[in-house]
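Just below is one structure, and these are the notes that go with it.
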Amino acid sequence: MREFLTKLVVLATVLISADSAIGQTTQFTDLPKWALGGFVRPKSVNPIITPNPASVFTDPMTNKAIAWEANDTFNPAAVIKEGKVVVLYRAEDKSGVRIGSRTSRIGYAESIDGIHFKRKGKPVLFPTNDSQKEFEWTGGCEDPRVAVTENGLYVIFYTQWNRKLPRLGVATSKDLINWTKHGPAFESAYSGKFLNIHHKSASIVTKLVGDKQVIAKINGKYWMYWGERHVYAATSSNLTDWEPVVDGNNELKELISPRKGYFDSQLTECGPPAVITDKGIVLLYNGKNLAGLGGDSRLNANSYSAGQVLFDKTDPTKVLARLDVPFLRPTEAFEKSGQYVDGTVFIEGLVYFKKKWFLYYGCADSKVAVAVYDPSAEALPDQMLTTTSN
């Protein structure tokens, strides 16, 4: 049915475009059966979270009242708590003049329908005078991903940014509000070999148990994918101490990398928690388009779009398939205006809620939006424009 709808719409758009002086056709890209989607933006609801200059809290680092989410709210994690969707989003204050120069904190919002959210007035994860100060101040806590175990322990992975080196931090909680920080994920692995390298963006592997999405084990270990330029992997026995997967030379093993001429020609950055399906492990990731001849000319240079890759569920390092075009890309005004005008859909939150998949993403490094995939209803995947001769 999905294939029939796709071919029907392609035919219709080609016929319509034949009379157009512009000479552009709209090609709907079909999704393979292993991929999740198509994801649809609900009408007239996005963006769902925007900056709020009225939110003020007393910053423990400066003892000053800070409008902690005044400048931007973006790059959200998501998880289910007590039948509600909770989104944990990155918020920036106005302490700097550009992205990366302000302090980021993690805010909390919850929803009974996954679309309309009520926010807390104070952040729930932020720099303070604790054991992580050296890693988190003054840049803050950025870009979270979150998941939950079957017994209700929430695990968050976030970027610790001290404006010198980004590191992947781990924290745990029973309520998503009070967090215990465990420090950099790779601090103990290989005698600290990977502690002081640039590392961020973790997508822990999850599975559905009934209608509940929970953290999974594979071959007796927890697994996550991580990385910004390339996708790597790491394993853990306790969810807080992680050991990167290495090759025969004890160097990081690259699982996927940027591809010349594609939407992910500059970066392949991990997105929300990966999901085990009957076809394998589906990882949703963020692809950055390279400027110039090396990128996909149909997309803006430096724009971020969303891709998917399928890994073997018995060997999580083995790639089985990968999308050649994005399943979600910047098309809406709020996805192309803000801090990042080249265009961004930056996916970080994915939850299974009321038998649908809700995908939460950052828009132009400025706002939060949602797209929904209903497996019971046919929906076309994203579309790509191609220029044709007149």
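Identifiers in this document derive from the order of the structure tokens: chains are assigned A, B, ..., residues are numbered from 1 separately in each chain, and ligands are numbered from 1 in order of occurrence.
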Within 10 Å of Asn75 (chain A), counting only C-alpha atoms, which residues qualify if same-chain residues fewer than 2 places away don't, as a ChimeraX atom specification?
/A:72-73,77,87-91,106,142-145,271,345-349,360-369
Would you put the residues from that selection into a file with C-alpha atoms, as a compact mmCIF listing (two decimals), in the first residue's frame?
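Final file, part-v3.txt:
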```txt
# COMPACT_ATOMS: atom_id res chain seq x y z
CA ASP A 72 16.54 29.48 22.66
CA THR A 73 14.81 26.18 23.47
CA ALA A 77 14.95 14.28 24.62
CA VAL A 87 10.32 16.29 26.98
CA LEU A 88 13.69 17.37 28.36
CA TYR A 89 14.94 20.20 26.20
CA ARG A 90 18.08 22.29 25.91
CA ALA A 91 17.59 25.92 26.88
CA ILE A 106 17.92 21.19 30.58
CA GLU A 142 23.43 20.33 26.26
CA ASP A 143 21.58 18.08 23.81
CA PRO A 144 20.06 15.32 26.00
CA ARG A 145 18.85 11.86 25.04
CA GLY A 271 19.78 10.93 17.29
CA VAL A 345 15.59 19.32 11.94
CA PHE A 346 17.72 17.84 14.72
CA ILE A 347 16.13 14.69 16.13
CA GLU A 348 16.82 13.62 19.72
CA GLY A 349 13.56 12.38 21.27
CA TYR A 360 10.79 15.40 18.90
CA TYR A 361 13.37 17.60 17.27
CA GLY A 362 15.15 20.93 17.40
CA CYS A 363 14.34 23.57 14.80
CA ALA A 364 17.13 25.88 13.63
CA ASP A 365 18.72 25.60 17.10
CA SER A 366 15.89 27.76 18.42
CA LYS A 367 12.62 25.85 18.99
CA VAL A 368 11.16 22.37 19.55
CA ALA A 369 8.74 20.58 17.20
```
Write out as JSON lines a residue-level contact list of region 211-269 of chain A versus region 320-331 of chain A with cut-off 10 Å: for each qualifying residue the closest pair of atoms and the distance in Å to one decimal, counting only C-alpha atoms, rows sorted by chain and residue number upward.
```
{"residue": "A:Ile256", "atom": "CA", "partner": "A:Arg322", "partner_atom": "CA", "distance": 9.4}
{"residue": "A:Arg259", "atom": "CA", "partner": "A:Asp324", "partner_atom": "CA", "distance": 9.4}
{"residue": "A:Gly261", "atom": "CA", "partner": "A:Asp324", "partner_atom": "CA", "distance": 9.9}
{"residue": "A:Tyr262", "atom": "CA", "partner": "A:Asp324", "partner_atom": "CA", "distance": 7.0}
{"residue": "A:Phe263", "atom": "CA", "partner": "A:Val325", "partner_atom": "CA", "distance": 6.5}
{"residue": "A:Asp264", "atom": "CA", "partner": "A:Pro326", "partner_atom": "CA", "distance": 8.6}
```
Region 215-282 of chain A: residues DSSP assigns to strand (DSSP E or B), reported as a VMD selection string
chain A and resid 215 217 to 218 221 to 226 231 to 236 243 to 244 246 252 256 267 to 270 274 to 276 281 to 282
Selection file, C-alpha atoms, as a PDB file, in the first residue's frame:
```pdb
ATOM      1  CA  ILE A 215      16.394   0.006  27.572  1.00  0.00           C
ATOM      2  CA  LYS A 217      20.467  -5.666  26.511  1.00  0.00           C
ATOM      3  CA  ILE A 218      22.162  -7.434  23.619  1.00  0.00           C
ATOM      4  CA  LYS A 221      25.302  -5.942  27.687  1.00  0.00           C
ATOM      5  CA  TYR A 222      23.738  -2.544  27.228  1.00  0.00           C
ATOM      6  CA  TRP A 223      24.592  -0.944  23.886  1.00  0.00           C
ATOM      7  CA  MET A 224      24.621   2.574  22.610  1.00  0.00           C
ATOM      8  CA  TYR A 225      25.580   4.332  19.424  1.00  0.00           C
ATOM      9  CA  TRP A 226      27.353   7.654  19.774  1.00  0.00           C
ATOM     10  CA  VAL A 231      28.822   6.741  14.356  1.00  0.00           C
ATOM     11  CA  TYR A 232      30.600   4.587  16.915  1.00  0.00           C
ATOM     12  CA  ALA A 233      29.341   2.138  19.558  1.00  0.00           C
ATOM     13  CA  ALA A 234      29.929   1.457  23.253  1.00  0.00           C
ATOM     14  CA  THR A 235      28.819  -1.160  25.793  1.00  0.00           C
ATOM     15  CA  SER A 236      28.106  -1.154  29.513  1.00  0.00           C
ATOM     16  CA  GLU A 243      33.447   1.144  27.034  1.00  0.00           C
ATOM     17  CA  PRO A 244      33.799   2.252  23.411  1.00  0.00           C
ATOM     18  CA  VAL A 246      37.446  -0.487  19.234  1.00  0.00           C
ATOM     19  CA  LEU A 252      37.480   3.712  17.761  1.00  0.00           C
ATOM     20  CA  ILE A 256      28.993   4.643   9.489  1.00  0.00           C
ATOM     21  CA  LEU A 267      28.270  14.642   9.683  1.00  0.00           C
ATOM     22  CA  THR A 268      26.405  11.522  10.827  1.00  0.00           C
ATOM     23  CA  GLU A 269      25.363  12.446  14.362  1.00  0.00           C
ATOM     24  CA  CYS A 270      23.363  10.029  16.510  1.00  0.00           C
ATOM     25  CA  ALA A 274      17.768   3.274  18.807  1.00  0.00           C
ATOM     26  CA  VAL A 275      14.967   0.697  18.585  1.00  0.00           C
ATOM     27  CA  ILE A 276      15.125  -3.080  18.166  1.00  0.00           C
ATOM     28  CA  ILE A 281      18.240  -2.246  15.236  1.00  0.00           C
ATOM     29  CA  VAL A 282      16.980   1.008  13.734  1.00  0.00           C
TER      30      VAL A 282
END
```
If we count only C-alpha atoms, what is near Ala216 (chain A) at a cut-off of 6 Å, once residues fewer than 2 positions away on the same chain are taken out, given as a list in words?
Val205, Thr206 and Lys207 of chain A
Would you pick out the contacts of Ser101 (chain A) at 10 Å or less, using only C-alpha atoms, so that residues sharing its chain but fewer than 6 positions from it are not included, and give the list as a list in words?
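These residues fall inside the cut-off: Glu92, Asp93, Lys94, Ser95, Thr138, Gly139, Gly140 and Arg163 of chain A.
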Quick one: write out the picked residues with C-alpha atoms as a short mmCIF file (atom, residue, chain, number, x, y, z; two decimals), in the first residue's frame?
```
data_model
loop_
_atom_site.label_atom_id
_atom_site.label_comp_id
_atom_site.auth_asym_id
_atom_site.auth_seq_id
_atom_site.Cartn_x
_atom_site.Cartn_y
_atom_site.Cartn_z
CA GLU A 92 20.04 28.79 26.44
CA ASP A 93 20.19 32.02 28.39
CA LYS A 94 21.43 35.35 27.01
CA SER A 95 24.91 35.25 28.51
CA THR A 138 30.53 27.70 31.78
CA GLY A 139 28.99 26.09 28.73
CA GLY A 140 26.48 23.93 30.55
CA ARG A 163 33.82 25.67 26.36
#
```
Residues of region 220-259 of chain A that have any atom at most 12 Å from an atom of region 176-182 of chain A: could you tabulate them with the shortest-distance atom pair and the distance in Å to one decimal, using only C-alpha atoms, ordered by chain and increasing number, as a Markdown table?
```
| residue | atom | partner | partner_atom | distance |
| --- | --- | --- | --- | --- |
| A:Asn238 | CA | A:His182 | CA | 11.3 |
| A:Leu239 | CA | A:His182 | CA | 10.0 |
| A:Thr240 | CA | A:His182 | CA | 6.5 |
| A:Asp241 | CA | A:His182 | CA | 8.3 |
| A:Trp242 | CA | A:His182 | CA | 11.2 |
```
Please, what distance in Å, to one decimal, runs between CA of Lys164 (chain A) and CA of Thr103 (chain A)?
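Spanning CA of Lys164 (chain A) to CA of Thr103 (chain A) is a straight-line distance of 13.3 Å.
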Please identify all polymer residues within 6 Å of Ile156 (chain A), counting only C-alpha atoms, omitting same-chain residues fewer than 6 positions from it, and present them as a list in words.
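My list of contacting residues is Arg145, Val146, Val170 and Ala171 of chain A.
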Could you please write out, as a PyMOL selection string, every residue of region 164-371 of chain A that DSSP assigns to helix (DSSP H, G or I)?
chain A and resi 189-192+292-294+333-335
What does the structure give for the distance between CA of Asp211 (chain A) and CA of Gly227 (chain A), in Å to one decimal?
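Result for CA of Asp211 (chain A) versus CA of Gly227 (chain A): 28.8 Å, one decimal.
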So that I can check the surroundings of Phe194 (chain A), please list as a ChimeraX atom specification every protein, DNA and RNA residue that reaches within 10 Å of it, counting only C-alpha atoms and ignoring chain neighbours fewer than 6 positions away.
/A:167,184-188,243-244,251-252
